[in-house]
>>> print(open('entry_34.txt').read())   # compact mmCIF, C-alpha atoms
# COMPACT_ATOMS: atom_id res chain seq x y z
CA MET Y 1 11.76 22.94 29.05
CA ASN Y 2 8.72 21.79 31.02
CA GLY Y 3 5.58 20.26 29.53
CA PRO Y 4 4.84 19.58 25.86
CA PHE Y 5 6.85 21.65 23.39
CA LYS Y 6 5.45 23.95 20.73
CA ILE Y 7 7.02 24.92 17.44
CA GLY Y 8 7.10 28.50 18.76
CA ASP Y 9 9.58 27.37 21.43
CA PHE Y 10 12.26 27.19 18.71
CA GLN Y 11 13.78 29.86 16.49
CA VAL Y 12 12.47 29.59 12.91
CA GLY Y 13 14.81 27.73 10.56
CA THR Y 14 16.81 25.95 13.25
CA LEU Y 15 17.30 22.20 13.47
CA GLY Y 16 15.10 22.21 16.58
CA SER Y 17 12.19 23.94 14.82
CA ARG Y 18 12.37 21.56 11.85
CA ALA Y 19 12.54 18.52 14.13
CA ALA Y 20 9.59 19.81 16.17
CA ALA Y 21 7.57 20.38 12.99
CA ARG Y 22 8.29 16.82 11.78
CA VAL Y 23 7.23 15.36 15.14
CA LEU Y 24 4.00 17.37 15.23
CA LEU Y 25 3.18 16.53 11.62
CA GLY Y 26 3.85 12.84 12.28
CA GLN Y 27 1.59 12.89 15.33
CA ARG Y 28 -1.17 14.64 13.39
CA ARG Y 29 -0.93 12.24 10.44
CA SER Y 30 -0.90 9.17 12.70
CA LYS Y 31 -4.34 10.16 14.03
CA LEU Y 32 -5.95 10.55 10.58
CA THR Y 33 -8.29 7.93 9.18
CA ARG Y 34 -6.56 5.91 6.45
CA LEU Y 35 -8.46 4.64 3.41
CA GLN Y 36 -6.99 2.18 0.94
CA PHE Y 37 -8.55 1.55 -2.47
CA PHE Y 38 -7.68 -1.81 -4.01
CA HIS Y 39 -7.53 -2.58 -7.72
CA SER Y 40 -6.16 -5.36 -9.89
CA ILE Y 41 -5.67 -3.60 -13.22
CA ARG Y 42 -2.00 -3.29 -14.05
CA GLY Y 43 -1.27 -0.11 -15.93
CA PRO Y 44 1.44 0.30 -18.57
CA TRP Y 45 5.02 0.58 -17.33
CA LEU Y 46 6.16 4.19 -17.83
CA GLY Y 47 9.29 4.09 -15.69
CA GLU Y 48 12.90 3.72 -16.65
CA GLY Y 49 14.58 0.36 -17.03
CA PRO Y 50 12.91 -3.04 -17.22
CA GLU Y 51 9.33 -3.46 -16.10
CA PRO Y 52 9.18 -4.58 -12.44
CA ALA Y 53 7.73 -7.92 -11.41
CA ASP Y 54 3.95 -8.14 -11.12
CA VAL Y 55 3.75 -7.88 -7.31
CA PRO Y 56 1.49 -5.96 -4.91
CA ARG Y 57 2.44 -2.30 -4.49
CA ALA Y 58 0.94 0.87 -3.04
CA ASN Y 59 1.04 4.50 -4.06
CA PRO Y 60 2.17 7.00 -1.40
CA TRP Y 61 -0.38 8.22 1.15
CA VAL Y 62 -2.09 11.48 0.12
CA GLU Y 63 -3.91 13.72 2.59
CA SER Y 64 -7.30 15.13 1.60
CA ASP Y 65 -10.31 16.28 3.62
CA GLY Y 66 -8.67 15.28 6.90
CA LYS Y 67 -8.05 11.69 5.77
CA LEU Y 68 -5.16 9.80 4.22
CA PHE Y 69 -5.82 7.95 0.94
CA ARG Y 70 -3.82 5.62 -1.28
CA VAL Y 71 -4.34 3.13 -4.07
CA VAL Y 72 -3.07 -0.44 -3.62
CA TYR Y 73 -2.45 -2.70 -6.61
CA VAL Y 74 -3.09 -6.42 -6.00
CA PRO Y 75 -2.39 -8.76 -8.94
CA HIS Y 76 -5.33 -10.97 -9.99
CA VAL Y 77 -5.32 -13.68 -12.66
CA TRP Y 78 -7.86 -16.04 -14.22
CA ILE Y 79 -6.61 -19.56 -14.89
CA ALA Y 80 -8.14 -22.90 -15.87
CA ARG Y 81 -9.66 -24.88 -13.00
CA GLU Y 82 -7.27 -27.79 -13.51
CA GLU Y 83 -4.14 -25.61 -13.24
CA ALA Y 84 -2.19 -25.11 -10.00
CA ALA Y 85 -2.50 -21.83 -8.14
CA PRO Y 86 -0.01 -19.24 -9.39
CA ILE Y 87 2.73 -17.92 -7.09
CA CYS Y 88 4.21 -14.47 -6.55
CA PRO Y 89 7.30 -14.07 -8.77
CA GLU Y 90 9.29 -12.37 -5.99
CA CYS Y 91 8.35 -13.88 -2.61
CA ARG Y 92 7.00 -17.23 -3.93
CA THR Y 93 3.78 -16.99 -1.88
CA PRO Y 94 0.89 -18.92 -3.52
CA TYR Y 95 -2.00 -16.81 -4.76
CA LEU Y 96 -5.32 -17.10 -2.93
CA ARG Y 97 -8.39 -18.48 -4.73
CA ALA Y 98 -10.63 -15.44 -4.81
CA THR Y 99 -13.33 -15.78 -7.49
CA GLU Y 100 -15.19 -18.82 -8.70
CA TYR Y 101 -18.38 -19.14 -10.73
CA PRO Y 102 -20.32 -22.39 -11.27
CA ASN Y 103 -19.98 -23.81 -14.79
CA TYR Y 104 -17.23 -21.29 -15.65
CA PRO Y 105 -13.95 -22.85 -16.82
CA LEU Y 106 -11.70 -20.29 -15.10
CA VAL Y 107 -10.95 -19.52 -11.44
CA GLY Y 108 -9.74 -16.14 -10.20
CA TYR Y 109 -6.68 -15.96 -7.96
CA ARG Y 110 -5.22 -12.89 -6.25
CA ALA Y 111 -1.84 -12.23 -4.71
CA ASP Y 112 -1.86 -12.92 -0.97
CA CYS Y 113 1.43 -11.26 -0.06
CA MET Y 114 0.65 -7.56 0.39
CA ASP Y 115 2.41 -7.50 3.77
CA GLU Y 116 5.58 -8.84 2.09
CA HIS Y 117 5.76 -6.08 -0.53
CA ILE Y 118 4.07 -3.10 1.16
CA PRO Y 119 5.87 -2.32 4.45
CA ASP Y 120 3.00 -0.40 6.10
CA PHE Y 121 0.19 -2.54 4.70
CA SER Y 122 -2.80 -3.11 6.94
CA SER Y 123 -5.85 -5.05 5.82
CA SER Y 124 -7.90 -3.18 8.41
CA GLY Y 125 -6.90 0.24 7.02
>>> encode(input="entry_34.txt", output="structure tokens")
Amino acid sequence: MNGPFKIGDFQVGTLGSRAAARVLLGQRRSKLTRLQFFHSIRGPWLGEGPEPADVPRANPWVESDGKLFRVVYVPHVWIAREEAAPICPECRTPYLRATEYPNYPLVGYRADCMDEHIPDFSSSG
């Protein structure tokens, strides 16, 4: 076979046609703009078994209007100014001081370990 392949080069339903479709879909998706929406509100645990640790996590990518979207959860806590910064319960990374108001007794900290818990995390995405 010379030159780039096309799905039509393979008989429908064969391993070759399915592999070609996966490659083409992967190439198409890799070129799409990716948008990540960040939030810090932990919803109720609706899954089976014990509630997982409060760590950063991301929903799967969803394609819409020629872009890929997903929601990323980043834990955020308010603690007294005199208390030490909290740490991630799984990877032990200290939280980052994120929000501070003059004359307010609490300081906001957010998890700073998204890349540890979300394999394809990119702060530029």
>>> closest_residue(input="entry_34.txt", among="Y:Leu15, Y:Leu32, Y:Ile79, Y:Leu96", to="Val62 (chain Y)", atoms="all atoms listed in the file")
Y:Leu32
>>> atom_distance(input="entry_34.txt", atom1="CA of Gly47 (chain Y)", atom2="CA of Asn59 (chain Y)")
14.3 Å
>>> atom_distance(input="entry_34.txt", atom1="CA of Asp54 (chain Y)", atom2="CA of Pro75 (chain Y)")
6.7 Å
>>> atom_distance(input="entry_34.txt", atom1="CA of Ile118 (chain Y)", atom2="CA of Arg92 (chain Y)")
15.3 Å
>>> axis_aligned_box(input="entry_34.txt", around="region 40-56 of chain Y", padding_each_side="5 Å", output="AutoDock Vina command-line options")
--center_x 4.2 --center_y -2.0 --center_z -11.7 --size_x 30.7 --size_y 22.3 --size_z 23.7
>>> closest_residue(input="entry_34.txt", among="Y:Ala84, Y:Gln11, Y:Pro56, Y:Arg70", to="Ala111 (chain Y)", atoms="all atoms listed in the file")
Y:Pro56
>>> decode(input="entry_34.txt", residues="region 35-62 of chain Y", atoms="N, CA and C atoms", output="tab-separated table (two decimals), in the first residue's frame")
chain	number	residue	atom	x	y	z
Y	35	LEU	N	-11.19	22.05	26.12
Y	35	LEU	CA	-11.59	23.02	27.14
Y	35	LEU	C	-11.87	22.28	28.44
Y	36	GLN	N	-11.25	22.75	29.51
Y	36	GLN	CA	-11.46	22.16	30.82
Y	36	GLN	C	-12.14	23.19	31.72
Y	37	PHE	N	-13.21	22.78	32.39
Y	37	PHE	CA	-13.90	23.64	33.33
Y	37	PHE	C	-13.58	23.13	34.73
Y	38	PHE	N	-13.08	24.02	35.58
Y	38	PHE	CA	-12.66	23.65	36.92
Y	38	PHE	C	-13.72	24.05	37.94
Y	39	HIS	N	-13.93	23.18	38.92
Y	39	HIS	CA	-14.83	23.51	40.02
Y	39	HIS	C	-14.29	22.90	41.30
Y	40	SER	N	-14.78	23.37	42.42
Y	40	SER	CA	-14.31	22.86	43.71
Y	40	SER	C	-15.45	22.43	44.61
Y	41	ILE	N	-16.59	22.14	44.03
Y	41	ILE	CA	-17.75	21.70	44.81
Y	41	ILE	C	-17.86	20.19	44.68
Y	42	ARG	N	-17.65	19.52	45.79
Y	42	ARG	CA	-17.71	18.05	45.77
Y	42	ARG	C	-19.16	17.60	45.88
Y	43	GLY	N	-19.60	16.86	44.90
Y	43	GLY	CA	-20.96	16.36	44.91
Y	43	GLY	C	-21.10	15.14	45.82
Y	44	PRO	N	-22.32	14.68	46.03
Y	44	PRO	CA	-22.53	13.49	46.87
Y	44	PRO	C	-21.99	12.24	46.18
Y	45	TRP	N	-21.49	11.30	46.97
Y	45	TRP	CA	-20.97	10.05	46.42
Y	45	TRP	C	-22.15	9.14	46.10
Y	46	LEU	N	-22.29	8.77	44.83
Y	46	LEU	CA	-23.40	7.92	44.39
Y	46	LEU	C	-22.90	6.56	43.92
Y	47	GLY	N	-21.61	6.33	43.98
Y	47	GLY	CA	-21.05	5.07	43.52
Y	47	GLY	C	-21.17	3.96	44.53
Y	48	GLU	N	-20.67	2.81	44.15
Y	48	GLU	CA	-20.68	1.66	45.04
Y	48	GLU	C	-19.44	1.69	45.93
Y	49	GLY	N	-19.54	1.06	47.07
Y	49	GLY	CA	-18.40	0.97	47.97
Y	49	GLY	C	-18.18	2.26	48.74
Y	50	PRO	N	-17.03	2.31	49.44
Y	50	PRO	CA	-16.73	3.50	50.24
Y	50	PRO	C	-16.45	4.71	49.36
Y	51	GLU	N	-16.73	5.87	49.91
Y	51	GLU	CA	-16.47	7.12	49.18
Y	51	GLU	C	-14.97	7.27	48.95
Y	52	PRO	N	-14.56	7.63	47.72
Y	52	PRO	CA	-13.12	7.78	47.45
Y	52	PRO	C	-12.55	9.01	48.16
Y	53	ALA	N	-11.23	9.03	48.27
Y	53	ALA	CA	-10.55	10.17	48.89
Y	53	ALA	C	-10.87	11.45	48.12
Y	54	ASP	N	-10.79	12.57	48.82
Y	54	ASP	CA	-11.07	13.87	48.22
Y	54	ASP	C	-9.83	14.34	47.46
Y	55	VAL	N	-9.68	13.87	46.23
Y	55	VAL	CA	-8.51	14.20	45.40
Y	55	VAL	C	-9.00	14.76	44.06
Y	56	PRO	N	-8.12	15.47	43.33
Y	56	PRO	CA	-8.52	15.97	42.02
Y	56	PRO	C	-8.92	14.82	41.09
Y	57	ARG	N	-9.93	15.06	40.27
Y	57	ARG	CA	-10.35	14.07	39.28
Y	57	ARG	C	-11.03	14.78	38.12
Y	58	ALA	N	-11.10	14.10	37.00
Y	58	ALA	CA	-11.68	14.70	35.79
Y	58	ALA	C	-12.70	13.74	35.18
Y	59	ASN	N	-13.78	14.31	34.67
Y	59	ASN	CA	-14.74	13.53	33.91
Y	59	ASN	C	-14.13	13.20	32.56
Y	60	PRO	N	-14.66	12.22	31.85
Y	60	PRO	CA	-14.15	11.90	30.51
Y	60	PRO	C	-14.36	13.07	29.54
Y	61	TRP	N	-13.51	13.13	28.51
Y	61	TRP	CA	-13.67	14.15	27.48
Y	61	TRP	C	-14.95	13.86	26.70
Y	62	VAL	N	-15.69	14.93	26.36
Y	62	VAL	CA	-16.91	14.82	25.57
Y	62	VAL	C	-16.77	15.76	24.38
